[in-house]
file model.csv (CSV, C-alpha atoms and all ligand atoms)
chain,number,residue,atom,x,y,z
W,12,MET,CA,0.0,0.0,0.0
W,13,LYS,CA,1.2,3.5,-0.8
W,14,GLU,CA,2.4,5.5,2.3
W,15,SER,CA,0.3,8.5,3.1
W,16,ARG,CA,1.8,11.9,2.7
W,17,THR,CA,1.8,12.6,6.4
W,18,GLN,CA,3.7,9.4,7.2
W,19,ALA,CA,6.3,10.1,4.5
W,20,ARG,CA,6.8,13.7,5.7
W,21,VAL,CA,6.9,13.4,9.4
W,22,GLY,CA,8.6,10.0,10.0
W,23,THR,CA,7.9,7.5,12.6
W,24,LEU,CA,7.6,7.9,16.4
W,25,ARG,CA,10.8,5.8,16.7
W,26,GLN,CA,12.6,8.1,14.4
W,27,LEU,CA,11.5,11.1,16.4
W,28,GLU,CA,12.6,9.4,19.6
W,29,ILE,CA,16.0,8.7,18.0
W,30,LEU,CA,16.3,12.3,16.9
W,31,LEU,CA,15.6,13.5,20.5
W,32,ALA,CA,18.2,11.2,21.9
W,33,VAL,CA,20.7,12.7,19.4
W,34,TYR,CA,19.7,16.2,20.4
W,35,HIS,CA,20.1,15.4,24.1
W,36,SER,CA,23.4,13.6,23.9
W,37,GLY,CA,24.9,15.8,21.1
W,38,SER,CA,26.1,12.8,19.1
W,39,ILE,CA,25.1,9.8,17.2
W,40,SER,CA,27.2,7.6,19.5
W,41,GLY,CA,25.6,9.0,22.6
W,42,ALA,CA,22.1,8.4,21.2
W,43,ALA,CA,23.1,4.8,20.2
W,44,LYS,CA,24.3,4.1,23.7
W,45,LYS,CA,21.3,5.6,25.4
W,46,LEU,CA,18.8,3.6,23.2
W,47,HIS,CA,20.9,0.4,23.0
W,48,LEU,CA,21.2,0.7,19.2
W,49,THR,CA,24.1,0.5,16.9
W,50,GLN,CA,25.5,3.8,15.5
W,51,PRO,CA,24.7,2.7,11.9
W,52,THR,CA,21.1,2.1,13.0
W,53,VAL,CA,20.8,5.6,14.5
W,54,SER,CA,22.4,7.2,11.4
W,55,MET,CA,20.1,5.2,9.1
W,56,GLN,CA,16.9,6.2,11.0
W,57,LEU,CA,18.0,9.8,10.9
W,58,ARG,CA,18.7,9.6,7.2
W,59,LYS,CA,15.2,8.1,6.6
W,60,LEU,CA,13.6,10.9,8.7
W,61,SER,CA,15.6,13.5,6.8
W,62,GLU,CA,14.6,11.9,3.5
W,63,GLY,CA,10.9,11.9,4.6
W,64,MET,CA,11.2,15.6,5.3
W,65,SER,CA,13.2,16.3,2.2
W,66,MET,CA,15.6,18.4,4.2
W,67,PRO,CA,18.8,17.8,6.1
W,68,LEU,CA,18.3,17.6,9.9
W,69,TYR,CA,21.9,18.3,11.0
W,70,TYR,CA,25.4,19.1,9.8
W,71,GLN,CA,28.7,18.4,11.5
W,72,VAL,CA,31.5,20.8,12.3
W,73,GLY,CA,34.5,18.6,13.4
W,74,ARG,CA,32.9,16.2,15.9
W,75,LYS,CA,30.1,18.6,16.8
W,76,LEU,CA,26.7,17.9,15.5
W,77,ASN,CA,24.5,21.0,14.8
W,78,LEU,CA,20.8,20.9,14.0
W,79,THR,CA,19.5,22.7,10.9
W,80,GLU,CA,16.3,24.8,11.2
W,81,ALA,CA,14.4,21.8,9.9
W,82,GLY,CA,16.1,19.6,12.6
W,83,GLU,CA,15.1,22.1,15.3
W,84,ALA,CA,11.5,22.1,14.1
W,85,ALA,CA,11.6,18.2,14.1
W,86,VAL,CA,13.0,18.2,17.7
W,87,LYS,CA,10.2,20.6,18.8
W,88,THR,CA,7.6,18.3,17.3
W,89,ALA,CA,9.3,15.2,18.8
W,90,ILE,CA,9.1,16.8,22.3
W,91,GLU,CA,5.4,17.6,21.8
W,92,VAL,CA,4.4,14.3,20.4
W,93,LEU,CA,6.4,12.1,22.8
W,94,GLY,CA,5.2,14.3,25.7
W,95,CYS,CA,1.6,13.6,24.6
W,96,PHE,CA,2.2,9.9,24.7
W,97,GLU,CA,3.8,10.2,28.1
W,98,ARG,CA,0.8,12.1,29.4
W,99,LEU,CA,-1.5,9.5,27.8
W,100,ASP,CA,0.3,6.7,29.7
W,101,MET,CA,-0.1,8.6,32.9
W,102,GLN,CA,-3.8,9.2,32.3
W,103,LEU,CA,-4.3,5.5,31.5
W,104,ALA,CA,-2.5,4.7,34.7
W,105,GLY,CA,-4.7,7.2,36.5
W,106,LEU,CA,-7.8,5.5,35.1
W,107,LYS,CA,-6.6,2.2,36.6
W,108,GLY,CA,-6.3,4.0,39.9
W,109,LEU,CA,-2.5,4.2,39.8
W,110,MET,CA,-0.6,7.5,40.1
W,111,ALA,CA,2.4,6.4,38.0
W,112,GLY,CA,4.7,8.1,35.5
W,113,THR,CA,7.6,10.4,35.4
W,114,LEU,CA,8.1,13.8,37.0
W,115,ASN,CA,10.6,15.8,34.9
W,116,LEU,CA,12.5,18.5,36.7
W,117,ALA,CA,15.2,20.8,35.3
W,118,ILE,CA,17.0,22.6,38.2
W,119,VAL,CA,19.9,25.0,38.6
W,120,THR,CA,23.0,23.6,40.4
W,121,THR,CA,22.4,25.3,43.7
W,122,ALA,CA,18.9,23.8,43.9
W,123,LYS,CA,20.1,20.3,43.8
W,124,TYR,CA,20.8,20.4,47.5
W,125,PHE,CA,17.3,21.0,48.6
W,126,ILE,CA,15.1,19.6,45.8
W,127,PRO,CA,15.7,15.9,46.8
W,128,HIS,CA,14.3,16.8,50.3
W,129,LEU,CA,11.4,18.6,48.7
W,130,ILE,CA,10.4,15.5,46.7
W,131,GLY,CA,11.2,13.0,49.4
W,132,ASP,CA,7.7,12.8,50.9
W,133,PHE,CA,6.1,13.1,47.5
W,134,SER,CA,7.9,10.0,46.2
W,135,ARG,CA,7.1,8.1,49.4
W,136,LYS,CA,3.4,9.0,48.9
W,137,PHE,CA,3.5,7.9,45.2
W,138,PRO,CA,6.1,5.1,44.9
W,139,GLN,CA,5.1,4.5,41.3
W,140,ILE,CA,6.3,7.9,40.2
W,141,ASP,CA,9.9,8.2,38.9
W,142,GLY,CA,11.8,11.4,39.1
W,143,ARG,CA,14.0,12.6,36.2
W,144,PHE,CA,16.3,15.5,37.1
W,145,HIS,CA,18.4,17.6,34.8
W,146,VAL,CA,20.9,19.8,36.6
W,147,GLY,CA,22.6,22.7,34.9
W,148,ASN,CA,23.5,26.3,35.3
W,149,ARG,CA,20.9,29.0,34.8
W,150,GLN,CA,21.6,29.4,31.1
W,151,GLN,CA,21.4,25.7,30.4
W,152,ILE,CA,18.1,25.5,32.3
W,153,ILE,CA,16.7,28.4,30.3
W,154,GLN,CA,17.7,26.5,27.2
W,155,ARG,CA,15.7,23.5,28.4
W,156,LEU,CA,12.8,25.7,29.2
W,157,ARG,CA,12.7,26.9,25.6
W,158,SER,CA,12.4,23.3,24.4
W,159,GLY,CA,9.6,22.8,26.9
W,160,GLU,CA,10.2,19.2,27.7
W,161,ASP,CA,10.3,19.2,31.5
W,162,ASP,CA,7.4,19.6,33.8
W,163,PHE,CA,9.0,22.1,36.1
W,164,TYR,CA,12.1,24.3,36.3
W,165,VAL,CA,13.8,25.6,39.4
W,166,PHE,CA,15.7,28.9,39.2
W,167,SER,CA,16.6,31.6,41.6
W,168,HIS,CA,16.8,34.1,38.7
W,169,PRO,CA,14.0,32.9,36.3
W,170,PRO,CA,13.8,34.6,32.9
W,171,ASP,CA,11.3,37.4,32.7
W,172,SER,CA,8.7,35.7,30.5
W,173,ASP,CA,4.9,36.0,30.4
W,174,LYS,CA,4.8,32.4,29.2
W,175,LEU,CA,5.7,31.2,32.8
W,176,ASP,CA,3.7,30.5,35.9
W,177,MET,CA,5.8,30.7,39.0
W,178,MET,CA,5.8,30.0,42.7
W,179,ALA,CA,8.4,31.1,45.2
W,180,LEU,CA,10.0,28.3,47.3
W,181,LEU,CA,12.8,28.8,49.7
W,182,PRO,CA,15.0,31.9,50.2
W,183,ASN,CA,18.5,31.4,48.7
W,184,ARG,CA,21.1,33.5,50.5
W,185,LEU,CA,24.5,34.0,48.8
W,186,GLN,CA,27.1,34.3,51.5
W,187,ALA,CA,30.6,35.7,51.4
W,188,ILE,CA,33.3,33.1,52.2
W,189,SER,CA,37.1,33.1,52.6
W,190,PRO,CA,39.7,30.7,53.8
W,191,LEU,CA,39.7,30.5,57.6
W,192,ASP,CA,43.2,32.0,57.9
W,193,HIS,CA,42.5,34.9,55.5
W,194,PRO,CA,43.0,38.4,57.0
W,195,LEU,CA,39.4,39.3,56.2
W,196,ALA,CA,38.3,36.4,58.4
W,197,ALA,CA,40.3,37.6,61.5
W,198,GLY,CA,37.3,39.0,63.4
W,199,ALA,CA,34.5,36.9,61.7
W,200,PRO,CA,31.7,36.7,62.2
W,201,GLU,CA,31.3,39.5,64.7
W,202,GLN,CA,33.5,42.0,62.9
W,203,GLN,CA,32.1,43.5,59.7
W,204,VAL,CA,34.3,43.7,56.6
W,205,SER,CA,33.8,46.5,54.1
W,206,LEU,CA,32.5,45.4,50.7
W,207,GLU,CA,35.3,47.4,49.1
W,208,ALA,CA,37.9,45.4,51.0
W,209,PHE,CA,36.1,42.2,50.1
W,210,CYS,CA,36.1,43.1,46.4
W,211,GLN,CA,39.8,43.7,46.4
W,212,ALA,CA,40.6,40.1,47.5
W,213,PRO,CA,41.2,37.6,44.7
W,214,PHE,CA,37.8,36.2,43.8
W,215,LEU,CA,36.7,32.8,42.5
W,216,MET,CA,33.8,33.3,40.2
W,217,ARG,CA,31.3,30.9,38.6
W,218,GLU,CA,31.2,30.7,34.8
W,219,GLU,CA,29.2,32.9,32.4
W,220,GLY,CA,25.6,31.6,32.3
W,221,SER,CA,25.5,31.0,36.0
W,222,GLY,CA,22.7,32.5,38.0
W,223,THR,CA,25.0,32.9,41.0
W,224,ARG,CA,27.4,34.9,38.9
W,225,HIS,CA,24.6,37.0,37.5
W,226,ALA,CA,23.3,37.8,41.0
W,227,ILE,CA,26.8,38.8,42.2
W,228,GLU,CA,27.5,41.0,39.2
W,229,VAL,CA,24.1,42.8,39.4
W,230,HIS,CA,24.4,43.3,43.1
W,231,LEU,CA,28.0,44.7,43.0
W,232,THR,CA,27.4,46.8,39.9
W,233,ARG,CA,24.5,48.5,41.6
W,234,LEU,CA,26.8,49.4,44.5
W,235,GLY,CA,29.5,50.7,42.0
W,236,LEU,CA,31.9,47.8,42.7
W,237,ALA,CA,33.3,44.8,40.8
W,238,PRO,CA,35.0,41.6,42.2
W,239,ASN,CA,38.7,41.1,41.6
W,240,ILE,CA,38.2,37.8,39.6
W,241,ARG,CA,41.2,35.6,39.8
W,242,MET,CA,39.7,32.4,38.5
W,243,THR,CA,36.5,31.2,36.8
W,244,ILE,CA,35.3,27.8,38.1
W,245,GLU,CA,32.3,25.9,36.8
W,246,SER,CA,31.2,24.2,39.9
W,247,ASN,CA,30.0,25.3,43.4
W,248,GLU,CA,31.8,22.5,45.1
W,249,ALA,CA,35.1,23.2,43.3
W,250,ILE,CA,34.8,26.9,44.3
W,251,LYS,CA,34.2,25.9,47.9
W,252,HIS,CA,37.2,23.5,48.0
W,253,SER,CA,39.4,26.1,46.3
W,254,VAL,CA,38.4,28.7,48.9
W,255,MET,CA,39.1,26.1,51.6
W,256,SER,CA,42.5,25.5,50.2
W,257,GLY,CA,43.4,29.2,50.2
W,258,LEU,CA,43.0,30.2,46.5
W,259,GLY,CA,40.7,33.2,47.1
W,260,VAL,CA,37.3,34.4,48.4
W,261,SER,CA,33.9,33.9,46.8
W,262,VAL,CA,30.1,34.3,47.2
W,263,LEU,CA,28.1,31.1,47.2
W,264,SER,CA,24.6,29.9,48.1
W,265,GLU,CA,24.4,28.9,51.7
W,266,HIS,CA,22.9,25.6,50.6
W,267,THR,CA,26.2,24.8,48.9
W,268,LEU,CA,28.1,25.7,52.1
W,269,ALA,CA,25.9,23.5,54.3
W,270,PHE,CA,26.5,20.4,52.2
W,271,GLY,CA,29.7,18.4,52.8
W,272,GLU,CA,32.9,19.5,54.6
W,273,GLN,CA,33.5,23.0,55.8
W,274,GLN,CA,36.9,22.7,57.4
W,275,GLY,CA,39.1,25.7,56.7
W,276,LEU,CA,36.2,27.8,55.5
W,277,ALA,CA,35.0,31.1,57.1
W,278,VAL,CA,31.6,32.7,56.4
W,279,LEU,CA,32.3,36.4,56.5
W,280,ASN,CA,30.2,39.3,57.7
W,281,VAL,CA,30.5,41.7,54.8
W,282,GLU,CA,28.5,44.9,54.4
W,283,HIS,CA,25.7,44.6,51.8
W,284,LEU,CA,25.9,40.8,51.9
W,285,PRO,CA,24.5,38.2,51.8
W,286,ILE,CA,22.6,38.7,48.6
W,287,VAL,CA,19.1,37.4,49.3
W,288,THR,CA,17.2,35.8,46.5
W,289,HIS,CA,14.5,33.1,46.3
W,290,TRP,CA,14.2,29.9,44.4
W,291,TYR,CA,11.2,29.7,42.1
W,292,LEU,CA,9.3,26.7,40.8
W,293,ALA,CA,8.4,27.7,37.2
W,294,TRP,CA,6.3,25.9,34.6
W,295,LEU,CA,5.0,26.8,31.1
W,296,LYS,CA,1.5,28.2,31.1
W,297,ASP,CA,0.6,26.7,27.8
W,298,LYS,CA,1.9,23.2,28.4
W,299,PRO,CA,-0.8,20.9,29.9
W,300,LEU,CA,0.3,19.5,33.2
W,301,SER,CA,0.5,15.7,33.3
W,302,PRO,CA,-1.4,14.0,36.1
W,303,VAL,CA,2.0,13.5,37.9
W,304,ALA,CA,2.9,17.1,37.4
W,305,SER,CA,-0.5,18.3,38.8
W,306,ALA,CA,-0.1,16.0,41.8
W,307,PHE,CA,3.3,17.4,42.4
W,308,LEU,CA,2.1,21.0,42.2
W,309,ASP,CA,-0.8,20.2,44.6
W,310,TYR,CA,1.7,18.6,47.0
W,311,ILE,CA,4.0,21.6,46.9
W,312,LYS,CA,1.2,24.0,47.4
W,313,GLN,CA,0.0,22.5,50.6
W,314,PRO,CA,0.3,25.2,53.2
W,315,GLY,CA,2.7,24.5,56.1
W,316,ARG,CA,4.7,22.0,54.1
W,317,GLU,CA,7.7,21.3,56.3
W,318,GLY,CA,10.8,23.2,55.1
W,319,ILE,CA,9.0,25.2,52.4
W,320,ASP,CA,8.1,28.7,53.0
W,321,TRP,CA,6.1,29.1,49.9
W,322,GLN,CA,4.1,32.0,48.7
W,323,GLU,CA,2.3,32.6,45.4
W,324,SER,CA,3.7,35.5,43.6
W,325,SER,CA,2.4,37.2,40.5
W,326,ASP,CA,5.6,39.2,40.1
W,327,PRO,CA,8.3,37.2,41.9
W,328,LEU,CA,11.1,39.1,40.1
W,329,ASN,CA,9.9,42.5,41.4
W,330,GLY,CA,11.6,43.9,38.3
W,331,VAL,CA,14.9,43.5,40.1
W,332,LEU,CA,17.2,41.6,37.9
W,333,PHE,CA,15.9,42.1,34.3
W,401,LIG,P1,23.7,28.6,38.9
W,401,LIG,O1,22.4,28.5,39.9
W,401,LIG,O2,24.7,29.5,39.5
W,401,LIG,O3,24.2,27.1,38.9
W,401,LIG,O4,23.2,29.0,37.6
W,401,LIG,C1,22.0,29.7,40.3
W,401,LIG,C2,20.6,30.0,40.5
W,401,LIG,O5,20.4,29.8,41.7
W,401,LIG,O6,19.8,30.4,39.7
call {"tool": "encode", "arguments": {"input": "model.csv", "output": "structure tokens"}}
result
Amino acid sequence: MKESRTQARVGTLRQLEILLAVYHSGSISGAAKKLHLTQPTVSMQLRKLSEGMSMPLYYQVGRKLNLTEAGEAAVKTAIEVLGCFERLDMQLAGLKGLMAGTLNLAIVTTAKYFIPHLIGDFSRKFPQIDGRFHVGNRQQIIQRLRSGEDDFYVFSHPPDSDKLDMMALLPNRLQAISPLDHPLAAGAPEQQVSLEAFCQAPFLMREEGSGTRHAIEVHLTRLGLAPNIRMTIESNEAIKHSVMSGLGVSVLSEHTLAFGEQQGLAVLNVEHLPIVTHWYLAWLKDKPLSPVASAFLDYIKQPGREGIDWQESSDPLNGVLF
């Protein structure tokens, strides 16, 4: 029988699934590994999808695989279509009286310390629900938000977008830290250090795209100051350990500080610090919530939930950062 035009143009669900795996892993080999397929199978399915669409889906520069505009459109469709099937699965499970499925969360690095506590009770209540976490810096999470494939996003500096609904979770205080034997720590925590003196000390900064970095830069710029950046380090833990080993001072989320060892670390009392922000749970207004996502939102919204000082906020950004 002749294939219908739609089938020929759009490809099969499996091909869309393969394309999505390539998109996430950034390579044919990564997708093959994830889907337990051979690399030639992945390439062949992509070729068929591309032939069906009569357009190339990607091009390669060196080893890096880049999507064409048609490839990006196909990824967007794959996310929507596969998301619909996932929601259908959950609805069917719901009809059978089971709350089962996957909760997809994309969270910024600093939130990874408290999110597991937040969902602990939830997953005990619904043992059939799996959690899938994606952790990245602010920029990476914004990128995921654009593709719309997760149920919820956790930021402390969410993008200013009218496409998002948001709810404030915990406060996120960014504290000044130094090595314990640093001169600025001599009278800590009673003695206050001037922000100017703190800014002169060699500073260990997060990478471009980090919300922590963004908050520090905005705060200091407003006060007419800038940190004396000595090193850029892409991880909160690595910054903490570098400070502990005497490489410089920094400003990090108190949740990062509370996690793991603290030997050799001083939390400083610096004027105009800590920087106080909030984490926000954000979700796309136009994306239907799956039954699992709705159950999670109901759970989070229960007043008096232990450890969560939540409040609804129509303008959680207060126009501060953007
Ligand atoms: P990030 O997290 O520095 O890893 O981007 C910051 C945030 O709290 O938004």
call {"tool": "residues_near_ligand", "arguments": {"input": "model.csv", "ligand": "ligand LIG 401 (chain W)", "cutoff": "8 Å", "atoms": "only C-alpha atoms and all ligand atoms", "output": "PyMOL selection string"}}
result
chain W and resi 119-122+147-150+165-169+183+217+220-225+246-247+264+290
call {"tool": "write_last_selection", "arguments": {"input": "model.csv", "atoms": "C-alpha atoms", "output": "mmCIF file, keeping the file's coordinate frame"}}
result
data_model
loop_
_atom_site.group_PDB
_atom_site.id
_atom_site.type_symbol
_atom_site.label_atom_id
_atom_site.label_comp_id
_atom_site.auth_asym_id
_atom_site.auth_seq_id
_atom_site.Cartn_x
_atom_site.Cartn_y
_atom_site.Cartn_z
ATOM 1 C CA VAL W 119 19.900 25.000 38.600
ATOM 2 C CA THR W 120 23.000 23.600 40.400
ATOM 3 C CA THR W 121 22.400 25.300 43.700
ATOM 4 C CA ALA W 122 18.900 23.800 43.900
ATOM 5 C CA GLY W 147 22.600 22.700 34.900
ATOM 6 C CA ASN W 148 23.500 26.300 35.300
ATOM 7 C CA ARG W 149 20.900 29.000 34.800
ATOM 8 C CA GLN W 150 21.600 29.400 31.100
ATOM 9 C CA VAL W 165 13.800 25.600 39.400
ATOM 10 C CA PHE W 166 15.700 28.900 39.200
ATOM 11 C CA SER W 167 16.600 31.600 41.600
ATOM 12 C CA HIS W 168 16.800 34.100 38.700
ATOM 13 C CA PRO W 169 14.000 32.900 36.300
ATOM 14 C CA ASN W 183 18.500 31.400 48.700
ATOM 15 C CA ARG W 217 31.300 30.900 38.600
ATOM 16 C CA GLY W 220 25.600 31.600 32.300
ATOM 17 C CA SER W 221 25.500 31.000 36.000
ATOM 18 C CA GLY W 222 22.700 32.500 38.000
ATOM 19 C CA THR W 223 25.000 32.900 41.000
ATOM 20 C CA ARG W 224 27.400 34.900 38.900
ATOM 21 C CA HIS W 225 24.600 37.000 37.500
ATOM 22 C CA SER W 246 31.200 24.200 39.900
ATOM 23 C CA ASN W 247 30.000 25.300 43.400
ATOM 24 C CA SER W 264 24.600 29.900 48.100
ATOM 25 C CA TRP W 290 14.200 29.900 44.400
#
call {"tool": "residues_around", "arguments": {"input": "model.csv", "residues": "Asp100 (chain W)", "least_positions_apart": "4", "cutoff": "8 Å", "atoms": "only C-alpha atoms", "output": "CSV table (one decimal) with C-alpha atoms, keeping the file's coordinate frame"}}
result
chain,number,residue,atom,x,y,z
W,96,PHE,CA,2.2,9.9,24.7
W,104,ALA,CA,-2.5,4.7,34.7
W,112,GLY,CA,4.7,8.1,35.5
call {"tool": "closest_atom_pairs", "arguments": {"input": "model.csv", "of": "region 43-161 of chain W", "to": "region 292-301 of chain W", "cutoff": "10 Å", "atoms": "all atoms listed in the file", "output": "Markdown table"}}
result
| residue | atom | partner | partner_atom | distance |
| --- | --- | --- | --- | --- |
| W:Glu91 | CA | W:Lys298 | CA | 9.3 |
| W:Gly94 | CA | W:Ser301 | CA | 9.0 |
| W:Cys95 | CA | W:Ser301 | CA | 9.0 |
| W:Glu97 | CA | W:Ser301 | CA | 8.3 |
| W:Arg98 | CA | W:Ser301 | CA | 5.3 |
| W:Leu99 | CA | W:Ser301 | CA | 8.5 |
| W:Asp100 | CA | W:Ser301 | CA | 9.7 |
| W:Met101 | CA | W:Ser301 | CA | 7.1 |
| W:Gln102 | CA | W:Ser301 | CA | 7.9 |
| W:Gly112 | CA | W:Ser301 | CA | 9.0 |
| W:Thr113 | CA | W:Ser301 | CA | 9.1 |
| W:Leu114 | CA | W:Ser301 | CA | 8.7 |
| W:Leu116 | CA | W:Leu292 | CA | 9.7 |
| W:Ala117 | CA | W:Ala293 | CA | 9.9 |
| W:Ile118 | CA | W:Leu292 | CA | 9.1 |
| W:Leu156 | CA | W:Leu295 | CA | 8.1 |
| W:Arg157 | CA | W:Leu295 | CA | 9.5 |
| W:Gly159 | CA | W:Leu295 | CA | 7.4 |
| W:Glu160 | CA | W:Lys298 | CA | 9.2 |
| W:Asp161 | CA | W:Trp294 | CA | 8.4 |
call {"tool": "closest_residue", "arguments": {"input": "model.csv", "among": "W:Val86, W:Leu195, W:Leu231, W:Leu68", "to": "Leu24 (chain W)", "atoms": "only C-alpha atoms"}}
result
W:Val86
call {"tool": "closest_residue", "arguments": {"input": "model.csv", "among": "W:Glu80, W:Glu282, W:Asp141, W:Asp162", "to": "Asp176 (chain W)", "atoms": "only C-alpha atoms"}}
result
W:Asp162
call {"tool": "atom_distance", "arguments": {"input": "model.csv", "atom1": "CA of Lys174 (chain W)", "atom2": "CA of Ser158 (chain W)"}}
result
12.8 Å
call {"tool": "atom_distance", "arguments": {"input": "model.csv", "atom1": "CA of Leu284 (chain W)", "atom2": "CA of His266 (chain W)"}}
result
15.5 Å
call {"tool": "atom_distance", "arguments": {"input": "model.csv", "atom1": "CA of Pro182 (chain W)", "atom2": "CA of Glu265 (chain W)"}}
result
10.0 Å
call {"tool": "residues_around", "arguments": {"input": "model.csv", "residues": "region 50-65 of chain W", "least_positions_apart": "2", "cutoff": "9 Å", "atoms": "only C-alpha atoms", "output": "list in words"}}
result
Gln18, Ala19, Arg20, Val21, Gly22, Thr23, Arg25, Gln26, Leu27, Ile29, Leu30, Val33, Ile39, Ser40, Gly41, Ala42, Ala43, Lys44, Leu48, Pro67, Leu68, Tyr69, Ala81 and Gly82 of chain W
call {"tool": "closest_residue", "arguments": {"input": "model.csv", "among": "W:Phe209, W:Pro170, W:Ile90, W:Gln154", "to": "Ser189 (chain W)", "atoms": "all atoms listed in the file"}}
result
W:Phe209
call {"tool": "residues_near_point", "arguments": {"input": "model.csv", "point": "(25.7, 25.4, 51.3)", "cutoff": "12 Å", "atoms": "only C-alpha atoms", "output": "NGL selection string"}}
result
:W and (120-125 or 183-188 or 247-248 or 250-251 or 262-273 or 276 or 278)
call {"tool": "closest_residue", "arguments": {"input": "model.csv", "among": "W:Leu180, W:Met66, W:Leu258, W:Leu279", "to": "Ser205 (chain W)", "atoms": "all atoms listed in the file"}}
result
W:Leu279
call {"tool": "residues_near_point", "arguments": {"input": "model.csv", "point": "(40.4, 31.6, 52.4)", "cutoff": "7 Å", "atoms": "all atoms listed in the file", "output": "number ranges by chain"}}
result
W: 189-193, 254-260, 276
